[in-house]
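Peer 1: Structure file model.json, JSON, C-alpha atoms and all ligand atoms, is pasted below:
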```json
[["chain", "number", "residue", "atom", "x", "y", "z"],
["A", 1, "ARG", "CA", -57.38, 31.40, -61.99],
["A", 2, "VAL", "CA", -56.54, 31.27, -65.70],
["A", 3, "VAL", "CA", -56.42, 28.07, -67.80],
["A", 4, "VAL", "CA", -54.70, 28.12, -71.20],
["A", 5, "VAL", "CA", -55.40, 25.39, -73.76],
["A", 6, "GLY", "CA", -52.83, 25.80, -76.52],
["A", 7, "SER", "CA", -49.50, 25.25, -78.18],
["A", 8, "THR", "CA", -45.94, 24.94, -77.04],
["A", 9, "ASN", "CA", -42.97, 24.98, -79.44],
["A", 10, "LEU", "CA", -39.26, 25.14, -79.18],
["A", 11, "ASP", "CA", -37.96, 28.00, -81.34],
["A", 12, "LEU", "CA", -34.64, 27.06, -82.99],
["A", 13, "VAL", "CA", -33.18, 30.42, -83.94],
["A", 14, "VAL", "CA", -30.08, 31.06, -86.03],
["A", 15, "THR", "CA", -28.79, 34.47, -87.03],
["A", 16, "THR", "CA", -27.16, 34.79, -90.43],
["A", 17, "PRO", "CA", -25.58, 37.65, -92.42],
["A", 18, "GLN", "CA", -27.83, 36.66, -95.31],
["A", 19, "LEU", "CA", -30.87, 34.42, -95.66],
["A", 20, "PRO", "CA", -30.28, 31.46, -98.00],
["A", 21, "ARG", "CA", -32.04, 31.19, -101.35],
["A", 22, "PRO", "CA", -33.66, 27.85, -102.25],
["A", 23, "GLY", "CA", -30.94, 25.23, -102.59],
["A", 24, "GLU", "CA", -28.27, 27.48, -101.11],
["A", 25, "THR", "CA", -26.31, 26.89, -97.91],
["A", 26, "VAL", "CA", -25.06, 29.86, -95.91],
["A", 27, "LEU", "CA", -22.90, 29.97, -92.83],
["A", 28, "GLY", "CA", -24.87, 31.35, -89.90],
["A", 29, "GLU", "CA", -23.73, 32.94, -86.65],
["A", 30, "ASP", "CA", -25.34, 32.48, -83.22],
["A", 31, "PHE", "CA", -27.75, 29.66, -82.52],
["A", 32, "ARG", "CA", -30.15, 29.53, -79.59],
["A", 33, "THR", "CA", -33.20, 27.59, -78.53],
["A", 34, "VAL", "CA", -36.09, 29.46, -76.94],
["A", 35, "PRO", "CA", -39.35, 28.03, -75.58],
["A", 36, "GLY", "CA", -42.27, 29.51, -77.47],
["A", 37, "GLY", "CA", -45.68, 28.79, -78.93],
["A", 38, "LYS", "CA", -48.51, 31.24, -78.34],
["A", 39, "GLY", "CA", -50.22, 29.01, -75.79],
["A", 40, "ALA", "CA", -47.18, 28.47, -73.59],
["A", 41, "ASN", "CA", -46.09, 32.09, -73.98],
["A", 42, "GLN", "CA", -49.48, 33.35, -72.83],
["A", 43, "ALA", "CA", -49.52, 30.89, -69.92],
["A", 44, "VAL", "CA", -46.09, 32.10, -68.81],
["A", 45, "ALA", "CA", -47.20, 35.71, -69.35],
["A", 46, "ALA", "CA", -50.25, 35.14, -67.12],
["A", 47, "ALA", "CA", -48.21, 33.39, -64.42],
["A", 48, "ARG", "CA", -45.58, 36.16, -64.39],
["A", 49, "ALA", "CA", -48.35, 38.72, -64.26],
["A", 50, "GLY", "CA", -49.43, 37.11, -61.01],
["A", 51, "ALA", "CA", -52.13, 34.57, -61.89],
["A", 52, "ASP", "CA", -52.57, 31.06, -60.71],
["A", 53, "CYS", "CA", -52.28, 29.56, -64.20],
["A", 54, "ALA", "CA", -52.67, 26.06, -65.66],
["A", 55, "PHE", "CA", -51.65, 24.91, -69.13],
["A", 56, "VAL", "CA", -53.32, 22.15, -71.15],
["A", 57, "GLY", "CA", -51.23, 21.11, -74.13],
["A", 58, "ALA", "CA", -48.92, 18.47, -75.57],
["A", 59, "VAL", "CA", -45.19, 18.01, -75.93],
["A", 60, "GLY", "CA", -43.42, 15.21, -77.81],
["A", 61, "SER", "CA", -41.44, 12.29, -76.40],
["A", 62, "ASP", "CA", -38.13, 13.92, -77.48],
["A", 63, "ASP", "CA", -35.60, 15.96, -75.47],
["A", 64, "PHE", "CA", -37.33, 19.16, -76.58],
["A", 65, "GLY", "CA", -40.46, 18.00, -74.75],
["A", 66, "VAL", "CA", -38.55, 17.82, -71.48],
["A", 67, "ARG", "CA", -37.17, 21.31, -72.07],
["A", 68, "LEU", "CA", -40.60, 22.75, -72.84],
["A", 69, "ARG", "CA", -42.16, 21.14, -69.78],
["A", 70, "ASP", "CA", -39.33, 22.40, -67.55],
["A", 71, "SER", "CA", -39.72, 25.96, -68.79],
["A", 72, "LEU", "CA", -43.44, 25.99, -67.88],
["A", 73, "VAL", "CA", -42.70, 24.51, -64.46],
["A", 74, "ALA", "CA", -39.97, 27.12, -63.93],
["A", 75, "ALA", "CA", -42.60, 29.82, -64.52],
["A", 76, "SER", "CA", -44.87, 28.21, -61.87],
["A", 77, "VAL", "CA", -47.44, 27.12, -64.45],
["A", 78, "ASP", "CA", -49.53, 24.10, -63.39],
["A", 79, "VAL", "CA", -48.67, 21.38, -65.96],
["A", 80, "ARG", "CA", -50.95, 18.57, -64.79],
["A", 81, "GLY", "CA", -52.78, 18.97, -68.11],
["A", 82, "LEU", "CA", -49.60, 18.78, -70.23],
["A", 83, "ARG", "CA", -49.41, 15.46, -72.09],
["A", 84, "THR", "CA", -46.29, 13.82, -73.48],
["A", 85, "VAL", "CA", -47.24, 12.14, -76.75],
["A", 86, "PRO", "CA", -45.09, 9.81, -78.90],
["A", 87, "GLY", "CA", -43.17, 11.68, -81.63],
["A", 88, "PRO", "CA", -41.57, 15.10, -81.98],
["A", 89, "SER", "CA", -42.41, 18.25, -80.04],
["A", 90, "GLY", "CA", -43.56, 21.31, -81.92],
["A", 91, "VAL", "CA", -40.68, 23.34, -83.31],
["A", 92, "ALA", "CA", -40.22, 26.58, -85.18],
["A", 93, "LEU", "CA", -37.13, 26.77, -87.42],
["A", 94, "ILE", "CA", -36.21, 30.42, -87.60],
["A", 95, "ALA", "CA", -33.43, 32.14, -89.56],
["A", 96, "VAL", "CA", -32.97, 35.88, -88.99],
["A", 97, "ASP", "CA", -30.68, 38.22, -90.94],
["A", 98, "GLN", "CA", -29.15, 41.55, -89.91],
["A", 99, "ALA", "CA", -32.14, 43.54, -91.17],
["A", 100, "ALA", "CA", -34.38, 41.34, -88.95],
["A", 101, "GLU", "CA", -35.89, 39.73, -92.06],
["A", 102, "ASN", "CA", -36.70, 36.12, -91.28],
["A", 103, "PHE", "CA", -37.67, 32.71, -92.56],
["A", 104, "ILE", "CA", -39.84, 30.67, -90.27],
["A", 105, "VAL", "CA", -41.07, 27.10, -90.68],
["A", 106, "VAL", "CA", -43.30, 25.75, -87.93],
["A", 107, "ALA", "CA", -43.73, 21.99, -87.51],
["A", 108, "PRO", "CA", -46.64, 21.57, -85.07],
["A", 109, "GLY", "CA", -45.55, 18.09, -83.92],
["A", 110, "ALA", "CA", -47.25, 17.20, -80.64],
["A", 111, "ASN", "CA", -49.47, 20.31, -80.80],
["A", 112, "GLY", "CA", -51.31, 18.68, -83.68],
["A", 113, "ALA", "CA", -52.00, 15.65, -81.46],
["A", 114, "LEU", "CA", -53.80, 17.64, -78.74],
["A", 115, "ALA", "CA", -57.21, 16.09, -79.24],
["A", 116, "ASP", "CA", -59.57, 14.84, -76.55],
["A", 117, "LEU", "CA", -59.93, 16.82, -73.34],
["A", 118, "THR", "CA", -59.92, 14.67, -70.22],
["A", 119, "ASP", "CA", -62.39, 14.96, -67.35],
["A", 120, "ASP", "CA", -59.60, 16.62, -65.36],
["A", 121, "ASP", "CA", -59.10, 19.20, -68.14],
["A", 122, "ARG", "CA", -62.82, 19.98, -68.16],
["A", 123, "ALA", "CA", -62.88, 20.28, -64.39],
["A", 124, "ALA", "CA", -59.89, 22.65, -64.47],
["A", 125, "ILE", "CA", -61.56, 24.78, -67.17],
["A", 126, "GLY", "CA", -64.82, 24.81, -65.22],
["A", 127, "ALA", "CA", -63.08, 25.93, -62.01],
["A", 128, "ALA", "CA", -61.20, 28.78, -63.73],
["A", 129, "ASP", "CA", -62.30, 32.40, -64.05],
["A", 130, "VAL", "CA", -60.91, 32.70, -67.57],
["A", 131, "LEU", "CA", -60.13, 30.17, -70.32],
["A", 132, "LEU", "CA", -57.55, 31.59, -72.74],
["A", 133, "LEU", "CA", -57.33, 30.11, -76.25],
["A", 134, "GLN", "CA", -55.34, 30.68, -79.46],
["A", 135, "LEU", "CA", -55.38, 28.94, -82.86],
["A", 136, "GLU", "CA", -52.19, 26.85, -82.84],
["A", 137, "VAL", "CA", -53.82, 23.56, -81.76],
["A", 138, "PRO", "CA", -56.53, 21.66, -83.71],
["A", 139, "LEU", "CA", -59.76, 23.66, -84.05],
["A", 140, "PRO", "CA", -62.00, 20.87, -82.64],
["A", 141, "THR", "CA", -59.93, 21.00, -79.43],
["A", 142, "VAL", "CA", -60.34, 24.79, -79.23],
["A", 143, "VAL", "CA", -64.09, 24.41, -79.72],
["A", 144, "ALA", "CA", -64.34, 21.62, -77.13],
["A", 145, "ALA", "CA", -62.45, 23.69, -74.55],
["A", 146, "ALA", "CA", -64.63, 26.74, -75.22],
["A", 147, "GLY", "CA", -67.75, 24.56, -74.89],
["A", 148, "ALA", "CA", -66.58, 23.22, -71.51],
["A", 149, "ALA", "CA", -65.97, 26.78, -70.32],
["A", 150, "ARG", "CA", -69.33, 28.07, -71.53],
["A", 151, "ALA", "CA", -71.14, 25.18, -69.80],
["A", 152, "ALA", "CA", -69.44, 26.07, -66.50],
["A", 153, "GLY", "CA", -69.73, 29.86, -66.76],
["A", 154, "THR", "CA", -65.99, 30.40, -67.28],
["A", 155, "THR", "CA", -65.19, 33.45, -69.45],
["A", 156, "VAL", "CA", -63.83, 32.43, -72.87],
["A", 157, "VAL", "CA", -61.07, 34.70, -74.20],
["A", 158, "LEU", "CA", -59.91, 33.84, -77.74],
["A", 159, "ASN", "CA", -56.76, 35.33, -79.22],
["A", 160, "ALA", "CA", -57.40, 34.69, -82.93],
["A", 161, "ALA", "CA", -53.75, 34.08, -83.78],
["A", 162, "PRO", "CA", -52.45, 33.04, -86.20],
["A", 163, "ALA", "CA", -55.10, 34.88, -88.20],
["A", 164, "ALA", "CA", -57.85, 32.70, -89.64],
["A", 165, "SER", "CA", -61.48, 33.04, -90.52],
["A", 166, "LEU", "CA", -63.48, 31.26, -87.84],
["A", 167, "PRO", "CA", -66.57, 29.06, -87.84],
["A", 168, "ALA", "CA", -69.72, 30.23, -86.05],
["A", 169, "GLU", "CA", -69.46, 27.11, -83.92],
["A", 170, "LEU", "CA", -66.42, 28.69, -82.21],
["A", 171, "LEU", "CA", -67.41, 32.38, -82.40],
["A", 172, "ASP", "CA", -70.70, 31.62, -80.63],
["A", 173, "LEU", "CA", -68.72, 30.42, -77.58],
["A", 174, "VAL", "CA", -66.38, 33.43, -77.34],
["A", 175, "ASP", "CA", -66.97, 36.07, -74.66],
["A", 176, "LEU", "CA", -63.99, 38.26, -75.54],
["A", 177, "LEU", "CA", -61.99, 38.23, -78.80],
["A", 178, "VAL", "CA", -58.42, 39.59, -78.79],
["A", 179, "VAL", "CA", -56.91, 40.50, -82.18],
["A", 180, "ASN", "CA", -54.24, 42.71, -83.68],
["A", 181, "GLU", "CA", -55.13, 44.81, -86.72],
["A", 182, "HIS", "CA", -54.18, 42.10, -89.23],
["A", 183, "GLU", "CA", -56.15, 39.41, -87.37],
["A", 184, "ALA", "CA", -59.13, 41.77, -87.11],
["A", 185, "ALA", "CA", -59.18, 42.14, -90.89],
["A", 186, "VAL", "CA", -58.89, 38.39, -91.51],
["A", 187, "VAL", "CA", -61.51, 37.34, -88.93],
["A", 188, "SER", "CA", -64.02, 40.03, -89.92],
["A", 189, "ARG", "CA", -63.33, 40.06, -93.69],
["A", 190, "ALA", "CA", -64.46, 43.69, -93.50],
["A", 191, "ALA", "CA", -62.98, 47.13, -94.11],
["A", 192, "GLU", "CA", -64.44, 48.38, -90.79],
["A", 193, "PRO", "CA", -63.42, 45.40, -88.68],
["A", 194, "LEU", "CA", -64.55, 46.58, -85.27],
["A", 195, "ASP", "CA", -68.26, 46.81, -86.05],
["A", 196, "ALA", "CA", -68.12, 43.62, -88.09],
["A", 197, "LEU", "CA", -66.44, 41.75, -85.22],
["A", 198, "LEU", "CA", -69.12, 42.88, -82.78],
["A", 199, "GLU", "CA", -71.66, 41.11, -84.96],
["A", 200, "LEU", "CA", -69.69, 37.90, -84.40],
["A", 201, "VAL", "CA", -68.73, 38.16, -80.70],
["A", 202, "PRO", "CA", -69.97, 40.30, -77.80],
["A", 203, "ARG", "CA", -66.65, 41.92, -76.84],
["A", 204, "VAL", "CA", -63.50, 42.78, -78.79],
["A", 205, "VAL", "CA", -60.04, 43.96, -77.80],
["A", 206, "MET", "CA", -57.85, 45.17, -80.67],
["A", 207, "THR", "CA", -54.15, 45.80, -80.15],
["A", 208, "LEU", "CA", -52.64, 48.69, -82.11],
["A", 209, "GLY", "CA", -48.90, 48.18, -81.60],
["A", 210, "ALA", "CA", -47.17, 51.33, -80.33],
["A", 211, "ARG", "CA", -50.55, 53.12, -80.39],
["A", 212, "GLY", "CA", -51.98, 50.94, -77.60],
["A", 213, "ALA", "CA", -55.27, 49.07, -77.69],
["A", 214, "LEU", "CA", -59.01, 49.51, -77.86],
["A", 215, "TYR", "CA", -62.00, 47.75, -76.36],
["A", 216, "ALA", "CA", -65.54, 47.67, -77.67],
["A", 217, "ASP", "CA", -68.61, 45.67, -76.73],
["A", 218, "ARG", "CA", -72.21, 45.12, -77.83],
["A", 219, "PHE", "CA", -73.41, 46.96, -74.75],
["A", 220, "GLY", "CA", -72.21, 50.31, -76.07],
["A", 221, "ARG", "CA", -68.89, 50.53, -74.27],
["A", 222, "ARG", "CA", -65.92, 51.73, -76.32],
["A", 223, "LEU", "CA", -62.56, 52.86, -75.03],
["A", 224, "GLU", "CA", -59.07, 53.33, -76.37],
["A", 225, "VAL", "CA", -55.90, 53.55, -74.33],
["A", 226, "PRO", "CA", -52.43, 54.61, -75.46],
["A", 227, "ALA", "CA", -49.45, 52.33, -74.88],
["A", 228, "PRO", "CA", -46.75, 53.63, -72.54],
["A", 229, "ARG", "CA", -44.00, 55.40, -74.51],
["A", 230, "ILE", "CA", -40.98, 53.13, -74.56],
["A", 231, "GLU", "CA", -37.90, 52.49, -76.66],
["A", 232, "ALA", "CA", -38.93, 49.33, -78.53],
["A", 233, "VAL", "CA", -36.08, 46.83, -78.78],
["A", 234, "ASP", "CA", -37.89, 43.62, -79.80],
["A", 235, "THR", "CA", -41.67, 43.40, -80.12],
["A", 236, "THR", "CA", -41.66, 39.57, -80.41],
["A", 237, "ALA", "CA", -44.15, 38.17, -77.87],
["A", 238, "ALA", "CA", -45.51, 41.65, -77.02],
["A", 239, "GLY", "CA", -48.93, 40.41, -78.12],
["A", 240, "ASP", "CA", -48.58, 37.35, -75.86],
["A", 241, "ALA", "CA", -47.55, 39.53, -72.90],
["A", 242, "PHE", "CA", -50.56, 41.77, -73.57],
["A", 243, "THR", "CA", -53.03, 38.89, -73.91],
["A", 244, "GLY", "CA", -51.74, 37.03, -70.84],
["A", 245, "ALA", "CA", -52.02, 40.16, -68.70],
["A", 246, "LEU", "CA", -55.48, 40.95, -70.09],
["A", 247, "ALA", "CA", -56.68, 37.49, -69.04],
["A", 248, "VAL", "CA", -55.23, 38.01, -65.56],
["A", 249, "GLY", "CA", -56.88, 41.42, -65.15],
["A", 250, "TRP", "CA", -60.22, 40.00, -66.30],
["A", 251, "ALA", "CA", -59.89, 36.97, -63.99],
["A", 252, "GLU", "CA", -59.08, 39.16, -60.99],
["A", 253, "GLN", "CA", -61.41, 42.11, -61.51],
["A", 254, "GLY", "CA", -63.98, 41.15, -64.11],
["A", 255, "GLU", "CA", -65.63, 43.17, -66.81],
["A", 256, "ALA", "CA", -66.24, 46.28, -64.71],
["A", 257, "ALA", "CA", -62.49, 46.98, -64.48],
["A", 258, "ILE", "CA", -61.88, 46.76, -68.24],
["A", 259, "ALA", "CA", -60.49, 50.31, -68.48],
["A", 260, "HIS", "CA", -57.83, 49.55, -65.88],
["A", 261, "THR", "CA", -57.14, 46.08, -67.27],
["A", 262, "LEU", "CA", -56.67, 47.39, -70.81],
["A", 263, "ARG", "CA", -54.07, 49.94, -69.65],
["A", 264, "TRP", "CA", -52.36, 47.33, -67.54],
["A", 265, "ALA", "CA", -52.21, 44.89, -70.47],
["A", 266, "CYS", "CA", -50.70, 47.65, -72.63],
["A", 267, "ALA", "CA", -48.06, 48.15, -69.96],
["A", 268, "ALA", "CA", -47.30, 44.40, -70.13],
["A", 269, "GLY", "CA", -46.98, 44.50, -73.94],
["A", 270, "ALA", "CA", -44.76, 47.57, -73.79],
["A", 271, "ALA", "CA", -42.57, 46.08, -71.05],
["A", 272, "CYS", "CA", -42.04, 43.04, -73.27],
["A", 273, "ALA", "CA", -41.22, 45.20, -76.32],
["A", 274, "GLU", "CA", -38.66, 47.11, -74.28],
["A", 275, "ARG", "CA", -36.54, 43.98, -73.78],
["A", 276, "ALA", "CA", -34.72, 41.73, -76.25],
["A", 277, "GLY", "CA", -36.02, 38.17, -76.53],
["A", 278, "ALA", "CA", -39.41, 36.50, -76.83],
["A", 279, "SER", "CA", -40.62, 34.38, -73.89],
["A", 280, "SER", "CA", -37.61, 35.51, -71.84],
["A", 281, "ALA", "CA", -38.87, 39.10, -72.14],
["A", 282, "LEU", "CA", -42.34, 38.44, -70.67],
["A", 283, "PRO", "CA", -42.60, 40.86, -67.72],
["A", 284, "ASP", "CA", -43.40, 40.05, -64.08],
["A", 285, "ARG", "CA", -46.11, 41.83, -62.14],
["A", 286, "ALA", "CA", -43.84, 44.38, -60.48],
["A", 287, "THR", "CA", -42.48, 45.41, -63.89],
["A", 288, "ILE", "CA", -45.98, 45.75, -65.34],
["A", 289, "ASP", "CA", -47.17, 47.76, -62.33],
["A", 290, "ALA", "CA", -44.16, 50.07, -62.52],
["A", 291, "LEU", "CA", -44.73, 50.90, -66.20],
["A", 292, "HIS", "CA", -48.50, 51.18, -65.66],
["A", 293, "ASP", "CA", -48.03, 53.66, -62.82],
["A", 294, "ALA", "CA", -45.24, 55.64, -64.53],
["B", 301, "LIG", "P1", -48.89, 41.69, -82.05],
["B", 301, "LIG", "O1", -47.46, 41.57, -81.58],
["B", 301, "LIG", "O2", -49.75, 40.55, -81.68],
["B", 301, "LIG", "O3", -49.03, 42.12, -83.48],
["B", 301, "LIG", "P2", -49.16, 44.45, -81.20],
["B", 301, "LIG", "O4", -48.00, 44.79, -82.06],
["B", 301, "LIG", "O5", -50.43, 45.20, -81.40],
["B", 301, "LIG", "O6", -49.50, 42.90, -81.19],
["B", 301, "LIG", "O7", -48.65, 44.67, -79.71],
["B", 301, "LIG", "C1", -49.38, 44.22, -78.58],
["B", 301, "LIG", "C2", -49.32, 45.27, -77.49],
["B", 301, "LIG", "O8", -47.97, 45.43, -77.05],
["B", 301, "LIG", "C3", -49.79, 46.65, -77.92],
["B", 301, "LIG", "O9", -51.18, 46.79, -77.72],
["B", 301, "LIG", "C4", -49.00, 47.55, -76.99],
["B", 301, "LIG", "O10", -49.65, 47.65, -75.74],
["B", 301, "LIG", "C5", -47.69, 46.79, -76.79],
["B", 301, "LIG", "N1", -46.69, 47.27, -77.75],
["B", 301, "LIG", "C6", -46.25, 46.68, -78.88],
["B", 301, "LIG", "N2", -45.33, 47.43, -79.52],
["B", 301, "LIG", "C7", -45.15, 48.53, -78.77],
["B", 301, "LIG", "C8", -44.33, 49.71, -78.87],
["B", 301, "LIG", "N3", -43.49, 49.90, -79.90],
["B", 301, "LIG", "N4", -44.44, 50.65, -77.89],
["B", 301, "LIG", "C9", -45.27, 50.47, -76.84],
["B", 301, "LIG", "N5", -46.06, 49.39, -76.71],
["B", 301, "LIG", "C10", -46.01, 48.43, -77.63]]
```
Translate the structure of the given file into structure tokens.
Ligand code: ADP

Peer 2:
Amino acid sequence: RVVVVGSTNLDLVVTTPQLPRPGETVLGEDFRTVPGGKGANQAVAAARAGADCAFVGAVGSDDFGVRLRDSLVAASVDVRGLRTVPGPSGVALIAVDQAAENFIVVAPGANGALADLTDDDRAAIGAADVLLLQLEVPLPTVVAAAGAARAAGTTVVLNAAPAASLPAELLDLVDLLVVNEHEAAVVSRAAEPLDALLELVPRVVMTLGARGALYADRFGRRLEVPAPRIEAVDTTAAGDAFTGALAVGWAEQGEAAIAHTLRWACAAGAACAERAGASSALPDRATIDALHDA
């Protein structure tokens, strides 16, 4: 079982021939709303990849909150730990032009109100194999969740996104850190991030985009796997697909199967990149298996 403590946002996406300058109004084209947020995306990714998955987070008391809750339920994610708090849900206002340049403003809304963990949240974390965390909810909540997991022997997987330098208080509770190359540089503040990261946490997975991913730990294990060759259409949420699948592989097979799990997670990321869309492109288990075995 995988428990995610994290964010959920509604992405409000408009395409436009040209991005506006400050003070300017432009006429856009298509508008769509897409459930997002790294926490919810990774929970949906884990559920589609075949895990029994629970999400602890917060939506607002607006219509968007209903939509966000429904989308998690539709993906068979356990939402008993999802609060509805007074005020707006988290949103991301996104404008995209023809060259795929974008403007994004995120208003955290209810995500910023995810504070105290309940006894039920702690019990759910303690009963899970893996706790999966990101950095889009308040840091004290992330630390509290990691502490509950450590106390119960649940593996703590932290995806350090969006990139931030992290306090020792959190790093000391992390069993496995998942970063892309940019996040690796920011977290480690070093030119050789991998070795520097291993001084902070015992195990690191670094994603390398189309090149795949690598794993390294303090116990001398190091491996790198290529990503499946695909025609990339839209890499949005590829990192979330990867991280969700990695958590599932670890929950099911543990540390000993890391070589298999890393390849399988790369297949999940690639399957997501092969399809247009963000959360809608998160692959199911059969799709991941097919690309993994190809
Ligand atoms: P992020 O989106 O967080 O920056 P990456 O770009 O490293 O993360 O992508 C995450 C994973 O998704 C990669 O490790 C890889 O497995 C897969 N992936 C992403 N882009 C491609 C691509 N163009 N071809 C194949 N796999 C990809």

Peer 1: Of the candidates A:Leu12, A:Val59, A:Ala268, A:Leu170, which one gets nearest to Arg83 of chain A if we count all atoms listed in the file?

Peer 2: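 So, comparing all the options, the nearest one is A:Val59.
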
Peer 1: Within 7 Å of Gly37 of chain A, counting all atoms listed in the file, which residues show up once you throw out same-chain ones fewer than 2 positions away? Write them as a short mmCIF file (atom, residue, chain, number, x, y, z; two decimals) with C-alpha atoms, in the coordinates of the input, please.

Peer 2:
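The new file around-v4.cif reads:
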```
data_model
loop_
_atom_site.label_atom_id
_atom_site.label_comp_id
_atom_site.auth_asym_id
_atom_site.auth_seq_id
_atom_site.Cartn_x
_atom_site.Cartn_y
_atom_site.Cartn_z
CA SER A 7 -49.50 25.25 -78.18
CA THR A 8 -45.94 24.94 -77.04
CA ASN A 9 -42.97 24.98 -79.44
CA GLY A 39 -50.22 29.01 -75.79
CA ALA A 40 -47.18 28.47 -73.59
CA ASN A 41 -46.09 32.09 -73.98
#
```

Peer 1: For chain A versus ligand LIG 301 (chain B), which residues have an atom no more than 7 Å away, and what is each residue's nearest atom pair and distance in Å rounded to one decimal, using only C-alpha atoms and all ligand atoms, chain-then-number order, as a tab-separated table?

Peer 2:
```
residue	atom	partner	partner_atom	distance
A:Asn180	CA	B:LIG301	O5	5.1
A:Thr207	CA	B:LIG301	O9	4.0
A:Leu208	CA	B:LIG301	O5	4.2
A:Gly209	CA	B:LIG301	O5	3.4
A:Ala210	CA	B:LIG301	C8	3.6
A:Arg211	CA	B:LIG301	C4	6.7
A:Gly212	CA	B:LIG301	O9	4.2
A:Ala213	CA	B:LIG301	O9	4.7
A:Ala227	CA	B:LIG301	O10	4.8
A:Pro228	CA	B:LIG301	C9	5.5
A:Arg229	CA	B:LIG301	C9	5.6
A:Ile230	CA	B:LIG301	N4	5.4
A:Glu231	CA	B:LIG301	N4	6.9
A:Ala232	CA	B:LIG301	N3	4.8
A:Thr235	CA	B:LIG301	N2	5.5
A:Thr236	CA	B:LIG301	O1	6.2
A:Ala237	CA	B:LIG301	O1	6.0
A:Ala238	CA	B:LIG301	O8	4.5
A:Gly239	CA	B:LIG301	O2	3.7
A:Asp240	CA	B:LIG301	O2	6.7
A:Phe242	CA	B:LIG301	C2	5.4
A:Ala265	CA	B:LIG301	O10	6.5
A:Cys266	CA	B:LIG301	O10	3.3
A:Ala267	CA	B:LIG301	O10	6.0
A:Ala268	CA	B:LIG301	O10	6.9
A:Gly269	CA	B:LIG301	O8	3.4
A:Ala270	CA	B:LIG301	N5	3.7
A:Ala273	CA	B:LIG301	N2	5.7
```

Peer 1: Build an axis-aligned box that encloses every atom of segment 193-203 of chain A listed in the file, pad it by 4 Å on each side, and report its centre and edge lengths in Å to one decimal, as AutoDock Vina command-line options.

Peer 2:
```
--center_x -67.5 --center_y 42.4 --center_z -82.8 --size_x 16.2 --size_y 16.9 --size_z 19.8
```

Peer 1: Grab the atom CA of Met206 of chain A to atom CA of Val179 of chain A distance for me, in Å with one decimal place.

Peer 2: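 Computing it gives 5.0 Å between the two atoms.
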
Peer 1: Calculated over all atoms listed in the file, which of the candidates A:Ala294, A:Ala286, A:Val157, A:Val204 has the smallest distance to Gly220 of chain A?

Peer 2: A:Val204

Peer 1: Could you check which of A:Leu139, A:Leu19, A:Ala128, A:Val187 is closest to Val248 of chain A, using only C-alpha atoms?

Peer 2: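 Answer, going by the shortest atom-to-atom distance: A:Ala128.
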
Peer 1: Could you check how far atom CA of Asp234 of chain A sits from atom CA of Ser280 of chain A, in Å to one decimal?

Peer 2: 11.4 Å

Peer 1: Can you tell me which residues surround Val3 of chain A at a distance of at most 7 Å, considering all atoms listed in the file, apart from same-chain residues fewer than 3 positions away, and format the answer as a list in words?

Peer 2: Cys53, Ala54, Phe55, Ile125, Ala128, Val130, Leu131 and Leu132 of chain A

Peer 1: So that I have them on file, write out the residues from the current selection with C-alpha atoms, as a PDB file, in the frame of the given file.

Peer 2:
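That gives us result19.pdb:
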```pdb
ATOM      1  CA  CYS A  53     -52.280  29.560 -64.200  1.00  0.00           C
ATOM      2  CA  ALA A  54     -52.670  26.060 -65.660  1.00  0.00           C
ATOM      3  CA  PHE A  55     -51.650  24.910 -69.130  1.00  0.00           C
ATOM      4  CA  ILE A 125     -61.560  24.780 -67.170  1.00  0.00           C
ATOM      5  CA  ALA A 128     -61.200  28.780 -63.730  1.00  0.00           C
ATOM      6  CA  VAL A 130     -60.910  32.700 -67.570  1.00  0.00           C
ATOM      7  CA  LEU A 131     -60.130  30.170 -70.320  1.00  0.00           C
ATOM      8  CA  LEU A 132     -57.550  31.590 -72.740  1.00  0.00           C
TER       9      LEU A 132
END
```

Peer 1: Write out as an NGL selection string the residues lying within 10 Å of Ala100 of chain A, counting all atoms listed in the file and excluding same-chain residues fewer than 4 positions away.

Peer 2: :A and (15-16 or 95-96)

Peer 1: Just add N, CA and C atoms to segment 149-156 of chain A and send it as a PDB file, keeping the file's coordinate frame.

Peer 2:
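Printed below is result.pdb as written:
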```
ATOM      1  N   ALA A 149     -65.970  25.536 -71.095  1.00  0.00           N
ATOM      2  CA  ALA A 149     -65.970  26.780 -70.320  1.00  0.00           C
ATOM      3  C   ALA A 149     -67.366  27.393 -70.295  1.00  0.00           C
ATOM      4  N   ARG A 150     -67.997  27.467 -71.449  1.00  0.00           N
ATOM      5  CA  ARG A 150     -69.330  28.070 -71.530  1.00  0.00           C
ATOM      6  C   ARG A 150     -70.308  27.328 -70.604  1.00  0.00           C
ATOM      7  N   ALA A 151     -70.227  25.982 -70.615  1.00  0.00           N
ATOM      8  CA  ALA A 151     -71.140  25.180 -69.800  1.00  0.00           C
ATOM      9  C   ALA A 151     -70.962  25.462 -68.314  1.00  0.00           C
ATOM     10  N   ALA A 152     -69.735  25.865 -67.923  1.00  0.00           N
ATOM     11  CA  ALA A 152     -69.440  26.070 -66.500  1.00  0.00           C
ATOM     12  C   ALA A 152     -69.479  27.552 -66.110  1.00  0.00           C
ATOM     13  N   GLY A 153     -69.705  28.436 -67.073  1.00  0.00           N
ATOM     14  CA  GLY A 153     -69.730  29.860 -66.760  1.00  0.00           C
ATOM     15  C   GLY A 153     -68.353  30.504 -66.685  1.00  0.00           C
ATOM     16  N   THR A 154     -67.341  29.826 -67.212  1.00  0.00           N
ATOM     17  CA  THR A 154     -65.990  30.400 -67.280  1.00  0.00           C
ATOM     18  C   THR A 154     -65.902  31.318 -68.500  1.00  0.00           C
ATOM     19  N   THR A 155     -65.313  32.500 -68.335  1.00  0.00           N
ATOM     20  CA  THR A 155     -65.190  33.450 -69.450  1.00  0.00           C
ATOM     21  C   THR A 155     -64.229  32.922 -70.511  1.00  0.00           C
ATOM     22  N   VAL A 156     -64.658  32.916 -71.764  1.00  0.00           N
ATOM     23  CA  VAL A 156     -63.830  32.430 -72.870  1.00  0.00           C
ATOM     24  C   VAL A 156     -63.165  33.616 -73.577  1.00  0.00           C
TER      25      VAL A 156
END
```
